[in-house]
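Novice: Provided below: entry04.txt, containing compact mmCIF, C-alpha atoms and all ligand atoms.
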# COMPACT_ATOMS: atom_id res chain seq x y z
CA MET A 1 47.45 16.38 1.60
CA LYS A 2 50.73 17.93 2.65
CA ALA A 3 50.06 21.34 4.24
CA ASN A 4 51.71 23.70 6.72
CA ALA A 5 50.52 24.58 10.20
CA LYS A 6 51.32 28.13 11.28
CA LYS A 7 52.59 28.51 14.85
CA LEU A 8 50.93 31.47 16.59
CA ALA A 9 52.25 31.01 20.14
CA ASP A 10 53.73 28.24 22.27
CA GLY A 11 51.47 25.23 21.63
CA VAL A 12 49.00 27.21 19.53
CA TYR A 13 48.67 26.72 15.76
CA TRP A 14 46.55 27.89 12.86
CA THR A 15 45.41 24.82 10.92
CA GLY A 16 42.72 26.36 8.74
CA VAL A 17 41.78 26.38 5.08
CA LEU A 18 42.64 28.93 2.41
CA ASP A 19 39.70 28.97 0.00
CA TRP A 20 41.33 30.99 -2.75
CA ASP A 21 38.62 30.29 -5.31
CA ILE A 22 35.29 31.07 -3.62
CA ARG A 23 33.68 34.22 -5.05
CA SER A 24 30.36 34.28 -3.23
CA TYR A 25 29.82 33.89 0.48
CA HIS A 26 27.59 36.42 2.27
CA GLY A 27 28.20 38.53 -0.84
CA TYR A 28 31.06 38.79 -3.32
CA THR A 29 34.35 37.48 -1.95
CA LEU A 30 37.06 38.98 -4.13
CA GLY A 31 40.17 36.83 -3.70
CA GLY A 32 38.40 34.15 -1.61
CA THR A 33 38.12 33.63 2.13
CA THR A 34 39.64 31.53 4.89
CA TYR A 35 38.05 29.15 7.35
CA ASN A 36 40.30 29.56 10.35
CA VAL A 37 40.83 26.52 12.53
CA TYR A 38 43.07 26.52 15.59
CA LEU A 39 44.82 23.80 17.53
CA VAL A 40 45.84 24.23 21.17
CA PHE A 41 48.30 21.80 22.78
CA GLY A 42 47.90 21.48 26.53
CA GLU A 43 50.15 19.17 28.54
CA ASP A 44 47.25 16.75 28.99
CA LYS A 45 44.83 17.43 26.18
CA VAL A 46 44.80 18.85 22.67
CA ALA A 47 41.84 20.98 21.56
CA LEU A 48 40.74 21.72 18.01
CA ILE A 49 38.82 24.97 17.72
CA ASP A 50 36.21 24.94 14.92
CA ASN A 51 36.66 23.24 11.56
CA THR A 52 35.90 23.92 7.95
CA TYR A 53 33.51 23.98 5.00
CA PRO A 54 32.31 20.61 3.63
CA GLY A 55 34.70 19.29 1.03
CA THR A 56 37.70 21.34 2.18
CA SER A 57 38.90 19.18 5.07
CA ALA A 58 42.02 17.75 3.35
CA GLN A 59 43.89 21.04 3.79
CA MET A 60 42.88 21.28 7.45
CA LEU A 61 43.79 17.66 8.23
CA GLY A 62 47.16 18.13 6.51
CA ARG A 63 47.89 21.18 8.66
CA ILE A 64 46.77 19.36 11.81
CA GLU A 65 49.20 16.52 11.08
CA ASP A 66 51.96 19.07 10.49
CA ALA A 67 51.23 20.78 13.84
CA PHE A 68 51.47 17.46 15.69
CA LYS A 69 54.77 16.73 13.91
CA LYS A 70 56.12 20.15 14.88
CA GLU A 71 55.10 19.54 18.50
CA GLY A 72 56.56 16.02 18.46
CA ARG A 73 53.27 14.62 19.73
CA GLU A 74 51.30 11.57 18.73
CA LEU A 75 48.34 12.50 16.52
CA ASN A 76 45.26 12.63 18.76
CA ILE A 77 42.59 15.25 19.38
CA ASP A 78 40.89 15.08 22.79
CA VAL A 79 38.59 18.07 22.60
CA ILE A 80 36.70 19.69 19.73
CA ILE A 81 35.47 23.18 20.53
CA GLN A 82 32.60 24.13 18.24
CA ASN A 83 32.04 27.86 18.64
CA HIS A 84 29.37 27.99 15.93
CA ILE A 85 27.49 25.42 13.87
CA GLU A 86 27.19 27.13 10.49
CA ARG A 87 28.59 24.80 7.85
CA ASP A 88 31.68 26.84 7.06
CA HIS A 89 32.87 26.04 10.60
CA SER A 90 31.29 22.64 11.19
CA GLY A 91 31.33 21.06 7.72
CA SER A 92 34.15 18.64 8.48
CA LEU A 93 33.12 17.86 12.05
CA THR A 94 31.85 14.39 11.19
CA GLU A 95 35.19 13.57 9.55
CA VAL A 96 37.09 14.80 12.61
CA VAL A 97 34.84 12.78 14.93
CA LYS A 98 35.32 9.69 12.76
CA LYS A 99 39.09 10.12 12.94
CA PHE A 100 39.14 10.90 16.68
CA PRO A 101 36.10 9.04 18.09
CA GLU A 102 37.09 9.63 21.71
CA ALA A 103 37.08 13.42 21.31
CA ALA A 104 34.40 15.32 23.25
CA ILE A 105 32.60 18.20 21.50
CA TYR A 106 32.39 21.35 23.66
CA CYS A 107 29.63 23.71 22.54
CA SER A 108 26.62 25.76 23.67
CA ASP A 109 23.28 24.03 24.31
CA LYS A 110 21.80 25.47 21.10
CA ALA A 111 24.83 24.20 19.18
CA ALA A 112 24.43 20.69 20.61
CA SER A 113 20.91 20.34 19.20
CA GLY A 114 21.77 22.25 16.03
CA LEU A 115 24.74 20.00 15.29
CA VAL A 116 22.59 16.87 15.46
CA GLU A 117 19.99 18.56 13.24
CA HIS A 118 22.72 19.32 10.71
CA TYR A 119 24.53 15.98 11.07
CA PRO A 120 22.24 13.24 12.48
CA VAL A 121 25.24 10.90 12.61
CA LEU A 122 26.46 12.92 15.63
CA LYS A 123 23.46 11.97 17.79
CA ASP A 124 25.52 9.56 19.92
CA SER A 125 28.65 11.70 20.06
CA LYS A 126 30.04 12.87 23.35
CA MET A 127 28.94 16.47 23.84
CA GLU A 128 29.81 18.79 26.72
CA ILE A 129 27.50 21.78 26.94
CA VAL A 130 29.27 24.87 28.21
CA LYS A 131 28.05 28.26 29.43
CA THR A 132 29.58 31.64 30.11
CA GLY A 133 32.07 31.30 32.95
CA ASP A 134 32.82 27.61 32.36
CA THR A 135 36.46 26.72 31.82
CA LEU A 136 38.35 23.78 30.41
CA ASP A 137 41.80 22.82 31.68
CA LEU A 138 44.00 21.31 28.95
CA GLY A 139 47.04 21.15 31.23
CA GLY A 140 48.88 24.46 31.49
CA LYS A 141 46.39 25.98 29.07
CA THR A 142 42.88 27.04 30.03
CA ILE A 143 39.94 27.75 27.77
CA ALA A 144 37.21 30.05 29.14
CA PHE A 145 33.85 30.08 27.36
CA LEU A 146 31.63 33.06 26.67
CA GLU A 147 28.21 32.54 25.10
CA ALA A 148 27.32 34.99 22.34
CA PRO A 149 23.75 34.13 21.30
CA MET A 150 22.68 35.80 18.03
CA LEU A 151 26.21 37.00 17.33
CA HIS A 152 25.39 35.88 14.83
CA TRP A 153 23.40 32.64 15.32
CA PRO A 154 21.58 31.41 18.44
CA ASP A 155 24.37 28.86 19.04
CA SER A 156 27.36 31.22 18.74
CA MET A 157 29.97 31.43 21.46
CA PHE A 158 33.54 32.68 21.94
CA SER A 159 36.45 30.84 23.53
CA LEU A 160 39.34 32.58 25.30
CA LEU A 161 42.73 30.93 25.70
CA VAL A 162 43.41 32.50 29.06
CA GLU A 163 47.21 32.21 29.38
CA GLU A 164 47.95 33.68 25.93
CA GLY A 165 44.97 36.04 25.88
CA ILE A 166 43.79 34.78 22.48
CA LEU A 167 40.07 35.23 21.87
CA PHE A 168 38.68 32.77 19.33
CA SER A 169 35.70 34.83 18.28
CA ASN A 170 34.44 32.76 15.36
CA ASP A 171 32.55 34.98 12.85
CA ALA A 172 32.75 38.10 15.02
CA PHE A 173 35.55 40.42 13.83
CA GLY A 174 36.01 38.28 10.69
CA GLN A 175 36.76 39.38 7.15
CA HIS A 176 36.36 37.51 3.88
CA LEU A 177 40.00 37.72 2.83
CA CYS A 178 42.42 35.07 1.70
CA PHE A 179 46.08 35.87 2.26
CA SER A 180 48.96 33.47 2.92
CA GLN A 181 49.85 35.74 5.86
CA ARG A 182 47.82 35.27 9.03
CA TYR A 183 48.11 38.56 10.90
CA ASP A 184 46.44 41.89 10.18
CA ASN A 185 49.74 43.77 10.34
CA GLU A 186 51.28 41.66 7.58
CA VAL A 187 48.95 43.03 4.89
CA PRO A 188 47.81 46.58 4.06
CA GLU A 189 45.70 48.01 6.90
CA TYR A 190 43.16 49.54 4.52
CA VAL A 191 42.41 46.16 2.95
CA VAL A 192 41.73 44.48 6.31
CA MET A 193 39.60 47.31 7.69
CA ASP A 194 37.62 47.57 4.44
CA ALA A 195 36.91 43.82 4.50
CA ALA A 196 35.97 43.96 8.20
CA GLN A 197 33.58 46.85 7.46
CA LYS A 198 32.00 44.90 4.61
CA PHE A 199 31.62 41.86 6.87
CA TYR A 200 29.99 44.00 9.60
CA ALA A 201 27.66 45.79 7.17
CA ASN A 202 26.38 42.57 5.61
CA LEU A 203 26.21 40.27 8.63
CA VAL A 204 26.20 42.26 11.83
CA THR A 205 24.35 45.56 11.20
CA PRO A 206 20.91 44.39 12.44
CA LEU A 207 22.61 42.92 15.53
CA SER A 208 24.24 46.21 16.53
CA PRO A 209 22.39 46.54 19.89
CA LEU A 210 23.59 43.02 20.80
CA VAL A 211 27.18 43.94 19.93
CA LEU A 212 27.06 46.85 22.38
CA ARG A 213 25.51 44.65 25.08
CA LYS A 214 28.24 42.04 24.56
CA PHE A 215 30.97 44.70 24.89
CA ALA A 216 29.36 45.86 28.16
CA GLU A 217 29.30 42.27 29.41
CA VAL A 218 32.96 41.73 28.47
CA LYS A 219 33.85 44.87 30.45
CA GLU A 220 31.74 43.74 33.41
CA LEU A 221 33.44 40.35 33.42
CA ASP A 222 36.78 42.17 33.44
CA LEU A 223 37.84 40.39 30.25
CA LEU A 224 38.83 43.33 28.07
CA ASP A 225 42.37 43.64 29.47
CA LYS A 226 42.84 39.90 29.19
CA ILE A 227 42.31 39.84 25.42
CA LYS A 228 45.66 40.36 23.70
CA VAL A 229 44.84 38.93 20.27
CA ILE A 230 41.55 38.27 18.46
CA ALA A 231 41.56 35.22 16.22
CA PRO A 232 38.35 35.13 14.16
CA SER A 233 37.22 32.30 11.92
CA HIS A 234 37.61 34.27 8.67
CA GLY A 235 40.49 36.41 7.49
CA GLN A 236 43.34 38.02 9.40
CA ILE A 237 44.12 37.71 13.12
CA TRP A 238 43.92 41.02 14.99
CA THR A 239 47.14 41.88 16.80
CA ASP A 240 45.58 45.01 18.29
CA PRO A 241 42.14 44.00 19.63
CA LEU A 242 41.24 47.59 20.45
CA LYS A 243 41.47 48.59 16.78
CA ILE A 244 38.67 46.26 15.68
CA ILE A 245 36.69 46.58 18.94
CA GLY A 246 36.78 50.38 18.45
CA ALA A 247 35.61 50.01 14.84
CA TYR A 248 32.76 47.69 15.89
CA SER A 249 31.72 50.22 18.56
CA ASP A 250 31.63 52.97 15.93
CA TRP A 251 29.60 50.89 13.48
CA ALA A 252 27.23 49.63 16.17
CA THR A 253 26.47 53.16 17.34
CA GLY A 254 25.92 54.50 13.82
CA LYS A 255 29.03 56.68 13.81
CA CYS A 256 29.40 57.89 10.23
CA LYS A 257 31.83 59.92 8.18
CA ASP A 258 30.98 63.07 6.27
CA LYS A 259 30.28 60.86 3.31
CA VAL A 260 27.54 60.30 0.75
CA THR A 261 26.92 57.04 -1.08
CA ILE A 262 25.04 57.31 -4.37
CA VAL A 263 23.38 54.17 -5.74
CA TYR A 264 21.52 54.21 -9.03
CA ASP A 265 20.40 52.24 -12.02
CA THR A 266 19.64 53.70 -15.40
CA MET A 267 17.81 52.86 -18.62
CA HIS A 268 18.83 55.52 -21.17
CA TYR A 269 21.52 57.20 -19.02
CA SER A 270 19.23 60.00 -17.79
CA THR A 271 19.35 58.86 -14.16
CA GLN A 272 23.09 58.31 -14.55
CA LYS A 273 23.56 61.96 -15.62
CA MET A 274 21.59 63.05 -12.55
CA ALA A 275 23.72 60.81 -10.30
CA HIS A 276 26.91 62.34 -11.62
CA ALA A 277 25.57 65.89 -11.18
CA LEU A 278 24.56 65.08 -7.59
CA ALA A 279 28.07 63.66 -6.98
CA GLU A 280 29.65 66.89 -8.24
CA GLY A 281 27.45 68.92 -5.91
CA VAL A 282 28.62 66.83 -2.94
CA MET A 283 32.28 66.91 -3.97
CA GLY A 284 32.14 70.69 -4.31
CA GLN A 285 31.75 70.81 -0.52
CA ASP A 286 34.84 68.61 0.01
CA VAL A 287 32.62 65.80 1.23
CA GLU A 288 33.53 62.22 0.33
CA VAL A 289 31.24 60.59 -2.23
CA VAL A 290 31.12 57.02 -3.51
CA THR A 291 28.99 56.13 -6.53
CA TYR A 292 27.62 52.72 -7.49
CA PHE A 293 25.90 51.73 -10.74
CA LEU A 294 23.63 48.84 -9.78
CA HIS A 295 23.76 47.33 -13.25
CA GLN A 296 27.36 46.32 -12.59
CA ASP A 297 27.98 46.73 -8.85
CA GLU A 298 27.09 44.25 -6.17
CA ARG A 299 24.92 44.89 -3.13
CA SER A 300 27.31 43.52 -0.48
CA GLU A 301 29.93 46.10 -1.55
CA ILE A 302 27.33 48.89 -1.68
CA VAL A 303 26.08 48.36 1.88
CA LYS A 304 29.67 48.47 3.13
CA ASP A 305 29.76 52.14 2.08
CA ILE A 306 26.22 52.84 3.25
CA LEU A 307 27.31 51.70 6.74
CA ASP A 308 29.52 54.73 7.38
CA SER A 309 27.73 57.30 5.17
CA LYS A 310 25.61 60.01 6.74
CA ALA A 311 23.54 60.29 3.57
CA VAL A 312 22.62 57.95 0.75
CA PHE A 313 21.17 58.95 -2.62
CA PHE A 314 19.06 56.43 -4.54
CA GLY A 315 18.34 56.87 -8.25
CA SER A 316 16.08 54.90 -10.56
CA PRO A 317 14.11 55.41 -13.74
CA THR A 318 10.46 54.43 -13.61
CA ILE A 319 9.38 51.12 -15.02
CA PHE A 320 5.86 49.69 -14.54
CA ASN A 321 5.05 52.64 -12.20
CA GLY A 322 7.89 51.75 -9.85
CA PRO A 323 11.70 51.48 -9.57
CA PHE A 324 13.98 49.12 -11.47
CA PRO A 325 14.05 45.57 -10.05
CA SER A 326 17.70 46.12 -9.04
CA LEU A 327 16.54 48.90 -6.66
CA GLY A 328 13.76 46.61 -5.40
CA ASP A 329 16.40 44.00 -4.55
CA LEU A 330 18.43 46.60 -2.67
CA MET A 331 15.35 47.89 -0.77
CA TYR A 332 14.55 44.34 0.36
CA TYR A 333 18.14 43.90 1.57
CA LEU A 334 18.15 47.27 3.38
CA SER A 335 14.88 46.48 5.17
CA GLY A 336 16.55 43.40 6.66
CA LEU A 337 19.78 45.19 7.58
CA SER A 338 17.89 47.89 9.55
CA PHE A 339 20.65 50.51 9.65
CA ASP A 340 18.52 52.59 12.03
CA ARG A 341 19.07 49.97 14.78
CA THR A 342 22.43 51.68 15.30
CA GLY A 343 20.41 54.65 16.63
CA PHE A 344 21.38 56.88 13.70
CA LYS A 345 18.90 57.80 10.97
CA LYS A 346 20.63 58.34 7.63
CA LEU A 347 19.45 61.03 5.23
CA ALA A 348 18.15 59.81 1.87
CA VAL A 349 17.69 61.57 -1.44
CA VAL A 350 15.64 59.92 -4.16
CA PHE A 351 15.95 60.87 -7.81
CA GLY A 352 15.37 59.49 -11.28
CA SER A 353 13.91 59.93 -14.73
CA LYS A 354 10.42 59.06 -15.87
CA GLY A 355 8.48 58.82 -19.11
CA TRP A 356 4.95 59.96 -18.19
CA GLY A 357 3.31 59.02 -14.90
CA GLY A 358 6.44 58.26 -12.88
CA GLY A 359 6.26 56.30 -9.65
CA ALA A 360 9.84 55.15 -8.94
CA SER A 361 10.71 58.07 -6.67
CA ARG A 362 7.41 57.82 -4.79
CA LYS A 363 7.80 54.08 -4.18
CA LEU A 364 11.48 54.35 -3.23
CA SER A 365 10.69 57.16 -0.76
CA GLN A 366 8.06 54.98 0.93
CA ASP A 367 10.41 51.99 1.05
CA LEU A 368 13.25 54.05 2.47
CA SER A 369 11.03 55.56 5.18
CA ASN A 370 10.02 52.03 6.11
CA CYS A 371 13.72 51.08 6.25
CA GLY A 372 14.42 53.87 8.76
CA PHE A 373 15.91 56.50 6.43
CA GLU A 374 14.97 60.18 6.70
CA VAL A 375 13.94 61.11 3.17
CA GLU A 376 15.22 64.65 2.66
CA GLU A 377 14.35 65.15 -0.99
CA SER A 378 12.60 63.19 -3.73
CA PHE A 379 12.36 64.37 -7.31
CA ASP A 380 12.33 63.19 -10.89
CA VAL A 381 12.74 64.59 -14.39
CA LYS A 382 10.84 63.82 -17.58
CA TYR A 383 12.72 61.78 -20.21
CA VAL A 384 16.12 63.47 -20.31
CA PRO A 385 17.56 65.93 -17.76
CA GLY A 386 18.29 69.35 -19.25
CA GLU A 387 20.88 71.83 -17.94
CA GLU A 388 18.38 73.21 -15.42
CA ASP A 389 17.64 69.75 -14.09
CA LEU A 390 21.33 68.96 -13.72
CA ASP A 391 21.86 72.28 -11.95
CA LYS A 392 19.12 71.28 -9.54
CA CYS A 393 20.87 67.94 -8.94
CA TYR A 394 24.13 69.79 -8.25
CA GLU A 395 22.34 72.07 -5.76
CA VAL A 396 20.67 69.13 -3.98
CA GLY A 397 24.07 67.41 -3.66
CA LYS A 398 25.60 70.63 -2.36
CA THR A 399 22.80 71.27 0.16
CA VAL A 400 22.93 67.77 1.62
CA ALA A 401 26.74 67.87 1.77
CA GLU A 402 26.56 71.19 3.67
CA LYS A 403 24.17 69.60 6.14
FE1 LIG B 1 31.33 31.98 9.03
FE2 LIG B 1 28.20 32.02 10.58
O1 LIG B 1 29.60 31.36 9.52
Just give me the structure of the file as structure tokens.
Ligand code: FEO
Specialist:
Amino acid sequence: MKANAKKLADGVYWTGVLDWDIRSYHGYTLGGTTYNVYLVFGEDKVALIDNTYPGTSAQMLGRIEDAFKKEGRELNIDVIIQNHIERDHSGSLTEVVKKFPEAAIYCSDKAASGLVEHYPVLKDSKMEIVKTGDTLDLGGKTIAFLEAPMLHWPDSMFSLLVEEGILFSNDAFGQHLCFSQRYDNEVPEYVVMDAAQKFYANLVTPLSPLVLRKFAEVKELDLLDKIKVIAPSHGQIWTDPLKIIGAYSDWATGKCKDKVTIVYDTMHYSTQKMAHALAEGVMGQDVEVVTYFLHQDERSEIVKDILDSKAVFFGSPTIFNGPFPSLGDLMYYLSGLSFDRTGFKKLAVVFGSKGWGGGASRKLSQDLSNCGFEVEESFDVKYVPGEEDLDKCYEVGKTVAEK
């Protein structure tokens, strides 16, 4: 198909895919996402950095052709750099290899085996395994490799275009956004930072100690000053690397705002009334509060706000001696995300309504303790909260907000 390549620097192009229509990838993707693919023209060799989701290659191939036309070069890719093997970045690799059979695939050792496991047809392909410190000379343009195991898969690595200072970081620093513009400063800052925070909360939170170790390694290798631009594989390109590196440092170390996130579900609106009274108590102290109703809100958005909240309130009526299934789903997700790995223990408040025996608050408190939250308060009301109950909710909100 006919498609446009976007020139980023001399001999460097974006040739990725705009997936306007996808609504679910690592959570809800409002407005879609992008699979960013880059093409680097050296004097001697041309390198393609990552590729795209299965079934979306036509856009990428159209942009690649356009980039070659713009450069006045004959269409030929010599090097394929595969920073990560997950299918949204490797799904058209077999098509690229078929089209350019002489191209060598540069990747980590884990990626080499993982690629063949994903795509057995690649078993005889030419693979060059690279490690941290290895470089590739394209002719006037040099790629330096930096392994990044478990950021976020065992095979992950970053590639730095040394002369231009462009770090191709793959998933790291990504956002599930789909704009026609490529740079962060071409769209509202809040939108990009919010999407980056959601991406971190849902994909990176449990890896926070590794993020900090990687930053220390980058400093040790004297690379920080060399990175002028960060080009991730999803969303906008960062023109100010320190902005997103600073944000990642804050999230990885559990730095939170004076903010409370309230998450609840409700059966006959009793727990909802309690949630709203708690919110008022927090707001009365001029502390930020965000409220989610699980019946209609989605967990990937909720954990984005939990990430930078000092306290989180969880509300559920009792059903079958425990919480609503929607809370159970969230507890399971939170146990995997392990927010306490950032070194900061968030306060939790548990509340809800019950008919007779109760059980939701007790079970949620246990689950939250197991997830690394500090349960500050746990209480429930019978059937419908009266004025006194709502006053108590207000006071609990106020007390936690003061803290
Ligand atoms: Fe965007 Fe790990 O894939």
Novice: At a cut-off of 9 Å and counting all atoms listed in the file, what residues surround ligand LIG 1 (chain B)? Please answer as number ranges by chain.
Specialist: A: 25-26, 35, 84-89, 151-153, 156, 170-172, 174, 203, 233-234
Novice: Store the residues picked out above, limited to C-alpha atoms, as a compact mmCIF listing (two decimals), in the coordinates of the input.
Specialist:
# COMPACT_ATOMS: atom_id res chain seq x y z
CA TYR A 25 29.82 33.89 0.48
CA HIS A 26 27.59 36.42 2.27
CA TYR A 35 38.05 29.15 7.35
CA HIS A 84 29.37 27.99 15.93
CA ILE A 85 27.49 25.42 13.87
CA GLU A 86 27.19 27.13 10.49
CA ARG A 87 28.59 24.80 7.85
CA ASP A 88 31.68 26.84 7.06
CA HIS A 89 32.87 26.04 10.60
CA LEU A 151 26.21 37.00 17.33
CA HIS A 152 25.39 35.88 14.83
CA TRP A 153 23.40 32.64 15.32
CA SER A 156 27.36 31.22 18.74
CA ASN A 170 34.44 32.76 15.36
CA ASP A 171 32.55 34.98 12.85
CA ALA A 172 32.75 38.10 15.02
CA GLY A 174 36.01 38.28 10.69
CA LEU A 203 26.21 40.27 8.63
CA SER A 233 37.22 32.30 11.92
CA HIS A 234 37.61 34.27 8.67
Novice: Find the distance between CA of Glu376 (chain A) and CA of Val349 (chain A) and write it in Å to one decimal.
Specialist: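 Result for CA of Glu376 (chain A) versus CA of Val349 (chain A): 5.7 Å, one decimal.
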Novice: Of the candidates A:Ala112, A:Val162, A:Lys6, A:Ala348, which shows the shortest atom-to-atom distance to Arg63 (chain A), using only C-alpha atoms?
Specialist: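 Residue with the minimum atom-to-atom distance to Arg63 (chain A): A:Lys6.
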Novice: Using Å and a single decimal, report how far CA of Lys382 (chain A) sits from CA of Met331 (chain A).
Specialist: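 Distance between the two atoms: 23.6 Å.
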Novice: What does the structure give for the distance between CA of Asp50 (chain A) and CA of Asn185 (chain A), in Å to one decimal?
Specialist: 23.6 Å
Novice: Need the shell around Gly114 (chain A): protein/DNA/RNA residues with any atom at most 10 Å away, counting all atoms listed in the file. Skip same-chain ones fewer than 2 positions apart. Format as a ChimeraX atom specification?
Specialist: /A:84-86,108-112,116-120,154-155
Novice: Quick one: of A:Ile77, A:Glu147, A:Phe179, A:Glu128, who's nearest to Leu18 (chain A), counting all atoms listed in the file?
Specialist: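 Smallest distance to Leu18 (chain A) is found for A:Phe179.
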Novice: Choose the residue, out of A:Val287, A:Gly55, A:Glu217, A:Ala201, that has the smallest atom-to-atom separation from Gly133 (chain A); count all atoms listed in the file.
Specialist: A:Glu217
Novice: Could you give me, as an NGL selection string, the residues that have an atom at most 8 Å away from the point (17.0, 46.7, -15.3) in the coordinates of the file, using only C-alpha atoms?
Specialist: :A and (265-267 or 295 or 324-326)
Novice: Compare A:Ala277, A:Ile64, A:Ile302, A:Leu330 by their minimum atom-to-atom distance to Pro385 (chain A), counting all atoms listed in the file, and give me the closest one.
Specialist: A:Ala277
Novice: Between A:Phe339, A:Phe168, A:Phe145, A:Trp20, which has the minimum distance to Val229 (chain A) (counting all atoms listed in the file)?
Specialist: A:Phe168
Novice: Pick out the residues sitting within 7 Å of region 9-13 of chain A, and hand them over as a list in words; count all atoms listed in the file, and ignore anything fewer than 6 positions along from it in its own chain.
Specialist: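 The contact residues come out as Tyr38, Leu39, Val40, Phe41 and Ala67 of chain A.
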Novice: Take every atom of region 49-57 of chain A listed in the file, fit an axis-aligned box around them, add 3 Å per side, and give the centre and edge lengths in Å to one decimal as AutoDock Vina command-line options.
Specialist:
--center_x 35.6 --center_y 22.1 --center_z 9.4 --size_x 12.6 --size_y 11.8 --size_z 22.7
Novice: Got a sec: who's within 9 Å of Tyr28 (chain A), counting all atoms listed in the file, leaving out chain neighbours fewer than 2 positions off, as an mmCIF file with C-alpha atoms, keeping the file's coordinate frame?
Specialist:
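Full text of selection.cif as output:
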data_model
loop_
_atom_site.group_PDB
_atom_site.id
_atom_site.type_symbol
_atom_site.label_atom_id
_atom_site.label_comp_id
_atom_site.auth_asym_id
_atom_site.auth_seq_id
_atom_site.Cartn_x
_atom_site.Cartn_y
_atom_site.Cartn_z
ATOM 1 C CA ILE A 22 35.290 31.070 -3.620
ATOM 2 C CA ARG A 23 33.680 34.220 -5.050
ATOM 3 C CA SER A 24 30.360 34.280 -3.230
ATOM 4 C CA TYR A 25 29.820 33.890 0.480
ATOM 5 C CA HIS A 26 27.590 36.420 2.270
ATOM 6 C CA LEU A 30 37.060 38.980 -4.130
ATOM 7 C CA GLY A 32 38.400 34.150 -1.610
ATOM 8 C CA GLU A 298 27.090 44.250 -6.170
ATOM 9 C CA ARG A 299 24.920 44.890 -3.130
ATOM 10 C CA SER A 300 27.310 43.520 -0.480
ATOM 11 C CA GLU A 301 29.930 46.100 -1.550
#
Novice: Would you mind completing region 320-333 of chain A to N, CA and C atoms and writing the output as a compact mmCIF listing (two decimals), keeping the file's coordinate frame?
Specialist:
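Result saved to result-v8.txt:
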# COMPACT_ATOMS: atom_id res chain seq x y z
N PHE A 320 7.11 50.27 -15.09
CA PHE A 320 5.86 49.69 -14.54
C PHE A 320 5.42 50.45 -13.27
N ASN A 321 5.49 51.76 -13.31
CA ASN A 321 5.05 52.64 -12.20
C ASN A 321 5.88 52.51 -10.92
N GLY A 322 7.05 51.90 -11.04
CA GLY A 322 7.89 51.75 -9.85
C GLY A 322 9.37 51.77 -10.22
N PRO A 323 10.26 51.47 -9.28
CA PRO A 323 11.70 51.48 -9.57
C PRO A 323 12.15 50.24 -10.32
N PHE A 324 13.36 50.29 -10.83
CA PHE A 324 13.98 49.12 -11.47
C PHE A 324 14.03 47.96 -10.47
N PRO A 325 13.94 46.72 -10.96
CA PRO A 325 14.05 45.57 -10.05
C PRO A 325 15.34 45.57 -9.22
N SER A 326 16.42 46.11 -9.79
CA SER A 326 17.70 46.12 -9.04
C SER A 326 17.56 46.98 -7.77
N LEU A 327 16.77 48.08 -7.86
CA LEU A 327 16.54 48.90 -6.66
C LEU A 327 15.63 48.16 -5.69
N GLY A 328 14.66 47.40 -6.25
CA GLY A 328 13.76 46.61 -5.40
C GLY A 328 14.55 45.60 -4.58
N ASP A 329 15.52 44.97 -5.23
CA ASP A 329 16.40 44.00 -4.55
C ASP A 329 17.15 44.68 -3.41
N LEU A 330 17.67 45.88 -3.70
CA LEU A 330 18.43 46.60 -2.67
C LEU A 330 17.52 47.02 -1.51
N MET A 331 16.29 47.47 -1.83
CA MET A 331 15.35 47.89 -0.77
C MET A 331 15.05 46.70 0.16
N TYR A 332 14.85 45.55 -0.43
CA TYR A 332 14.55 44.34 0.36
C TYR A 332 15.72 44.05 1.30
N TYR A 333 16.94 44.17 0.77
CA TYR A 333 18.14 43.90 1.57
C TYR A 333 18.26 44.93 2.71
